[in-house]
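Comments concern the structure below.
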Amino acid sequence: MSFMVNDNVTWVGKIDWELRSFHGAEYSTYKGSTYNSYLVRDEKTVLIDTVWEPFAKEFVANLKKEIDLNEIDYIIANHGEVDHSGALPELMKEIPDTPIYCTPNAIKSLKGQYHQDWNFKTIKTGDTLNLGKKELIFIEARMLHWPDSMFCYLTGDNILFSNDAFGQHYASEFMFNDLVDQAELYQQAIKYYANILTPFSKLVENKIKEVINLNVPVDMICTSHGVIWREDPLQIVNKYMEWANDYQENQITIIYDTMWNSTRKMAEAITKGIKEVNKDVNIILHNAAKTDKNEILTDVFRSKAILVGSPTINSGYLNSIAGILESIRGLKFKNKKAAAFGSYGWSGEQVKMITDELNKAGFEIMNEGIRASWNPNEEAVEECYEFGRNIGNEIK
Ligand code: FEO
């Protein structure tokens with residue numbers, strides 16, 4: 001499959017409807033994904049990125065239907081990660097001398113992965129590649145999201161090829177933002193930002209300002225995953241600016257796990273307490289053992305505050321809570337509050353331990369948390385209501 005993005009640019013990537021996890025099991029992709037590769041034709045012809053390795057043979061075969069491979073003058077590797085570079089070895093068997101333009105760090109990552117000394121040409125921000133009537137301008141995008149990442153901008157067509165930035169793991173045969181379900185697209189875009197780009201928010205903000213300062217029109221943003229931003233392409237740039245700026249909605253996310261429903265009972269009583277004093281706040285409850293991790297993290301991203309609860313087990317907390325706390329730590333959320341809760345039978349250390357982890361993860365700790373022994377009785381439930389009321393008032 002291929003399709004025309006405009007008169008000069010052809011999409012030659014792969015829609016992967018089957019993909020259900022990405023980065024190992026780090027990222028759930030229930031909507032599949034796409035690996036976008038683009039052929040740009042001018043007096044010179046350029047291929048921008050390839051696809052993931054399992055689709056390499058299919059990619060090269062399809063590309064041959066589109067063009068005589070020997071007519072490809074340049075290859076651009078915007079990023080070395082295998083989902084975009086995975087078909088390079090197969091392609092380079094056919095056209096081994098074709099120059100590959102990329103950042104110095106991309107040479108490291110490509111050599112490290114494929115052990116080939118291809119005809120690399122290094123670029124830096126501001127370098128250009130003349131294609132005839134148009135040119136490509138390169139913009140390094142270090143840590144968005146790898147040290148080797150870069151964007152390139154096609155003059156004349158005013159297209160920003162942004163690689164991972166502004167992408168979504170979202171398979172669709174429509175392939176343009178104006179043709180797909182808008183709510184679904186928004187959810188996949190924010191999930192992508194929350195789970196991949198949150199730690200680099202400061203860099204996102206600075207990079208976007210750098211692109212804006214180029215003072216060039218942007219008619220389209222061609223990402224490497226998901227749909228192409230064609231209608232109002234700057235809407236996703238504006239969203240990224242919002243998301244990069246310590247984003248929060250009026251939301252509290254309560255994450256818990258439970259052994260015999262005592263901690264769940266506490267979570268629900270706390271929810272009732274919050275609602276009594278703060279009717280406007282959106283409260284989301286996730287059992288960490290039952291809910292997809294990336295959906296939980298997206299809700300953390302959207303929240304003003306999170307509450308994390310577990311019963312005590314083996315002088316600690318449940319495995320599902322340990323897992324989500326580690327993911328929360330890694331994403332380096334900013335400007336969010338937190339507190340812990342949980343039931344216990346004998347020792348009850350977990351609430352302090354969870355509080356310590358939330359503190360180390362950079363959350364502002366609202367209080368020392370709340371514990372309930374055994375199955376919470378009426379008095380303990382009332383304490384949870386009061387705990388919830390205090391949280392509800394604090395995050396108004
Ligand atoms: Fe960082 Fe889509 O690879």
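Starting from 1 in every chain, residues are counted up; chains themselves are A, B, ... following the order of the structure tokens, and ligands are numbered from 1 as listed.
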Chain A near ligand 1 within 7 Å: what's each residue's closest atom pair and its distance in Å to one decimal, counting only C-alpha atoms and all ligand atoms, ordered by chain then ascending residue number, as a tab-separated table?
residue	atom	partner	partner_atom_place_in_ligand_line	distance
A:His79	CA	ligand 1	1 (Fe)	6.8
A:Glu81	CA	ligand 1	3 (O)	5.0
A:Val82	CA	ligand 1	3 (O)	6.9
A:Asp83	CA	ligand 1	2 (Fe)	5.5
A:His84	CA	ligand 1	2 (Fe)	6.3
A:His145	CA	ligand 1	1 (Fe)	6.2
A:Trp146	CA	ligand 1	1 (Fe)	6.7
A:Asp164	CA	ligand 1	2 (Fe)	5.0
A:Ser224	CA	ligand 1	2 (Fe)	6.5
A:His225	CA	ligand 1	2 (Fe)	6.6
Would you export the selected residues with N, CA, C and O atoms as a short mmCIF file (atom, residue, chain, number, x, y, z; two decimals), in the first residue's frame, please?
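File out_0.cif, as written:
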data_model
loop_
_atom_site.label_atom_id
_atom_site.label_comp_id
_atom_site.auth_asym_id
_atom_site.auth_seq_id
_atom_site.Cartn_x
_atom_site.Cartn_y
_atom_site.Cartn_z
N HIS A 79 15.77 9.09 13.02
CA HIS A 79 15.87 8.47 14.35
C HIS A 79 16.29 7.02 14.14
O HIS A 79 15.81 6.38 13.20
N GLU A 81 15.88 4.34 16.13
CA GLU A 81 15.16 3.23 16.80
C GLU A 81 14.59 2.28 15.74
O GLU A 81 14.20 2.70 14.64
N VAL A 82 14.52 0.98 16.11
CA VAL A 82 14.27 -0.07 15.11
C VAL A 82 12.91 0.04 14.42
O VAL A 82 12.73 -0.49 13.33
N ASP A 83 11.97 0.71 15.05
CA ASP A 83 10.66 0.81 14.39
C ASP A 83 10.72 1.71 13.15
O ASP A 83 9.83 1.67 12.31
N HIS A 84 11.80 2.50 13.03
CA HIS A 84 11.95 3.36 11.84
C HIS A 84 13.16 2.99 10.98
O HIS A 84 13.20 3.33 9.81
N HIS A 145 12.64 11.54 21.19
CA HIS A 145 12.87 11.14 22.56
C HIS A 145 14.20 10.42 22.78
O HIS A 145 14.48 9.94 23.89
N TRP A 146 15.03 10.32 21.75
CA TRP A 146 16.36 9.72 21.90
C TRP A 146 17.41 10.80 21.60
O TRP A 146 17.10 11.79 20.92
N ASP A 164 9.00 10.78 15.78
CA ASP A 164 8.11 10.35 16.87
C ASP A 164 7.25 11.49 17.43
O ASP A 164 6.12 11.24 17.88
N SER A 224 5.96 9.95 12.37
CA SER A 224 6.38 8.58 12.01
C SER A 224 5.43 7.52 12.55
O SER A 224 5.59 6.34 12.25
N HIS A 225 4.47 7.93 13.39
CA HIS A 225 3.45 6.99 13.87
C HIS A 225 2.08 7.65 13.78
O HIS A 225 1.91 8.81 14.19
#
As a ChimeraX atom specification, please: the residues near Ser310 in chain A (cut-off 9 Å, only C-alpha atoms, same-chain neighbours under 6 positions excluded). /A:255-259,263-264,316-318,321,340-344,350-351,354
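The protein and nucleic acid residues lying at most 7 Å from Ala244 in chain A are Ser201, Lys202, Val204 and Glu205 of chain A, with only C-alpha atoms considered and sequence neighbours fewer than 6 positions away removed.
Of the listed residues A:Met1, A:Met143, A:Val9, A:Ile274, the one whose atoms come nearest to Glu173 in chain A is A:Met1, with distances taken using only C-alpha atoms.
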From range 151-233 of chain A, collect each residue whose DSSP state is strand (DSSP E) and return the set as number ranges by chain. A: 151-154, 159-163, 220-223
May I have the residues within 6 Å of Thr29 in chain A as a PyMOL selection string, using only C-alpha atoms and disregarding those fewer than 3 positions away in the same chain? chain A and resi 20-21+32
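Minimum distance to Asp219 in chain A across A:Leu154, A:Met266, A:Tyr74, A:Ala288 (counting only C-alpha atoms) occurs at A:Leu154.
Near Val227 in chain A, within 10 Å and counting only C-alpha atoms, sit Ser33, Thr34, Asn36, Phe166, Gly167, Gln168, His169, Tyr170, Ala171, Ser172, Glu173, Phe174, Met175, Phe176, Asn177, Asp178, Leu179, Val180, Leu185, Ile221, Cys222, Thr223, Ser224, His225, Trp229 and Arg230 of chain A, not including residues fewer than 2 positions from it in the same chain.
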Each range 33-61 of chain A residue no farther than 12 Å from range 98-104 of chain A, nearest pair in Å, only C-alpha atoms, as CSV:
residue,atom,partner,partner_atom,distance
A:Thr45,CA,A:Thr98,CA,11.3
A:Val46,CA,A:Ile100,CA,9.9
A:Leu47,CA,A:Ile100,CA,9.4
A:Ile48,CA,A:Tyr101,CA,9.5
A:Asp49,CA,A:Ile100,CA,9.9
A:Thr50,CA,A:Ile100,CA,11.8
Give the alpha helix (DSSP H) residues of range 162-318 of chain A, as assigned by DSSP on the backbone, as a ChimeraX atom specification. /A:182-192,201-213,234-244,262-277,293-302
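Distance-wise, CA of Asn393 in chain A and CA of Gln251 in chain A end up 13.0 Å apart.
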